[in-house]
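K.L.:
Structure incoming, see below.
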Amino acid sequence: MSLERLKQLRTSVAMTALLAGALTVGACQQKQEPEQSLEDDISAEQSVPMSADPAEPNDVIVAPTDASASQVENDTVASVSGGVTQINYLCAPELQVEATYKDADNQVVLATAQGTATLMKTNDASNPEVFEAATGMDGKAGFVQWRVAHEARETGVMRTAGADAANVSTYECKKTS
């Protein structure tokens, strides 16, 4: 190798070492972070605490426990506090009966073309269940007796009489809905 060539190589190595040293020293110095501007704050995604509450409250309307079916039949929203079942029956001789069972109160409300009567449960059995009232279907003197059988209350027998207790009408009923 020539002497000229060695001098060039030595100069190149020295320059490369100086450049590497300058870069190392510059990288180790602490630089101050630039301050964030208002635009950076606006564009940055910010965390927002979430609430467990729903956005819109759910308002529940509870019907009074002593409201009859006729009092709430035209309501657009009605909630029942529980234990109420409504079943329609078709009876022979021809009679339509709408029975509203209030299991918590041991009651049934029977509604027919002759009137409406609230009957109380008189036995502890579930098959048949026996309900009775000391008034006729029209609310006057007489009695109404309702016997319903099966767990799903599929069949029933209604006995009713007015002021003349000897003149008893008996209806055999089957669930329609």
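By convention here, the chains of the structure tokens are called A, B, ... in the order presented, each chain's residues are numbered starting at 1, and ligands are numbered starting at 1 in the order presented.
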Can you tell me which residues surround Ala111 of chain A at a distance of at most 9 Å, considering only C-alpha atoms, apart from same-chain residues fewer than 4 positions away, and format the answer as a list in words?

P.N.:
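Surrounding residues, per the criterion: Gln96, Val97, Glu98, Ala99, Thr100, Gly115, Thr116, Ala117, Thr118 and Met137 of chain A.
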
K.L.:
Write out the residues from the selection above, keeping C-alpha atoms, as a PDB file, in the first residue's frame.

P.N.:
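Ended up saving to out_26.pdb:
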```
ATOM      1  CA  GLN A  96    -118.230 -16.158  28.455  1.00  0.00           C
ATOM      2  CA  VAL A  97    -116.245 -15.770  31.668  1.00  0.00           C
ATOM      3  CA  GLU A  98    -113.122 -13.700  32.172  1.00  0.00           C
ATOM      4  CA  ALA A  99    -111.302 -14.861  35.297  1.00  0.00           C
ATOM      5  CA  THR A 100    -108.574 -12.744  36.889  1.00  0.00           C
ATOM      6  CA  GLY A 115    -121.900  -8.721  36.154  1.00  0.00           C
ATOM      7  CA  THR A 116    -118.632  -9.009  38.054  1.00  0.00           C
ATOM      8  CA  ALA A 117    -117.971 -10.776  41.348  1.00  0.00           C
ATOM      9  CA  THR A 118    -114.893 -11.120  43.550  1.00  0.00           C
ATOM     10  CA  MET A 137    -123.054 -12.043  39.819  1.00  0.00           C
TER      11      MET A 137
END
```

K.L.:
Quick one: of A:Thr16, A:Gly162, A:Val157, A:Lys121, who's nearest to Ala141 of chain A, counting only C-alpha atoms?

P.N.:
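Closest to Ala141 of chain A of all the choices is A:Gly162.
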
K.L.:
Would you return as a ChimeraX atom specification the members of segment 112-149 of chain A that DSSP assigns to strand (DSSP E) on this structure's backbone?

P.N.:
/A:112,115-121,129-135,141-149

K.L.:
Neighbouring residues of Thr170 of chain A were defined as those with any atom within 10 Å, considering only C-alpha atoms; residues of the same chain fewer than 5 positions away were excluded. Please report them as a ChimeraX atom specification.

P.N.:
/A:91-93,145-146,157-161

K.L.:
Report, in Å with one decimal, the straight-line distance from atom CA of Thr85 of chain A to atom CA of Val168 of chain A.

P.N.:
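Taking atom CA of Thr85 of chain A and atom CA of Val168 of chain A, their separation equals 27.6 Å.
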
K.L.:
For each of A:Glu172, A:Glu132, A:Glu4, A:Asp164, take the minimum atom-to-atom distance to Leu95 of chain A, counting only C-alpha atoms, then give the residue where this is smallest.

P.N.:
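With only C-alpha atoms as the atom set, the closest residue is A:Glu172.
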
K.L.:
Near Asp103 of chain A, counting only C-alpha atoms, which residues have an atom at most 9 Å away, once you skip same-chain residues fewer than 5 positions from it, shown as a PyMOL selection string?

P.N.:
chain A and resi 82-85+108

K.L.:
I'd like the contact shell of segment 150-156 of chain A - 6 Å cut-off, only C-alpha atoms, skipping same-chain residues fewer than 2 positions apart - returned as a list in words.

P.N.:
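Using only C-alpha atoms, the neighbours found are Asn127, Arg147, Val148, Cys173, Lys174 and Lys175 of chain A.
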
K.L.:
Nearest to Ala165 of chain A: which of A:Met120, A:Val144, A:Val109, A:Ala149 is it, counting only C-alpha atoms?

P.N.:
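Among the listed residues, the smallest separation from Ala165 of chain A belongs to A:Val144.
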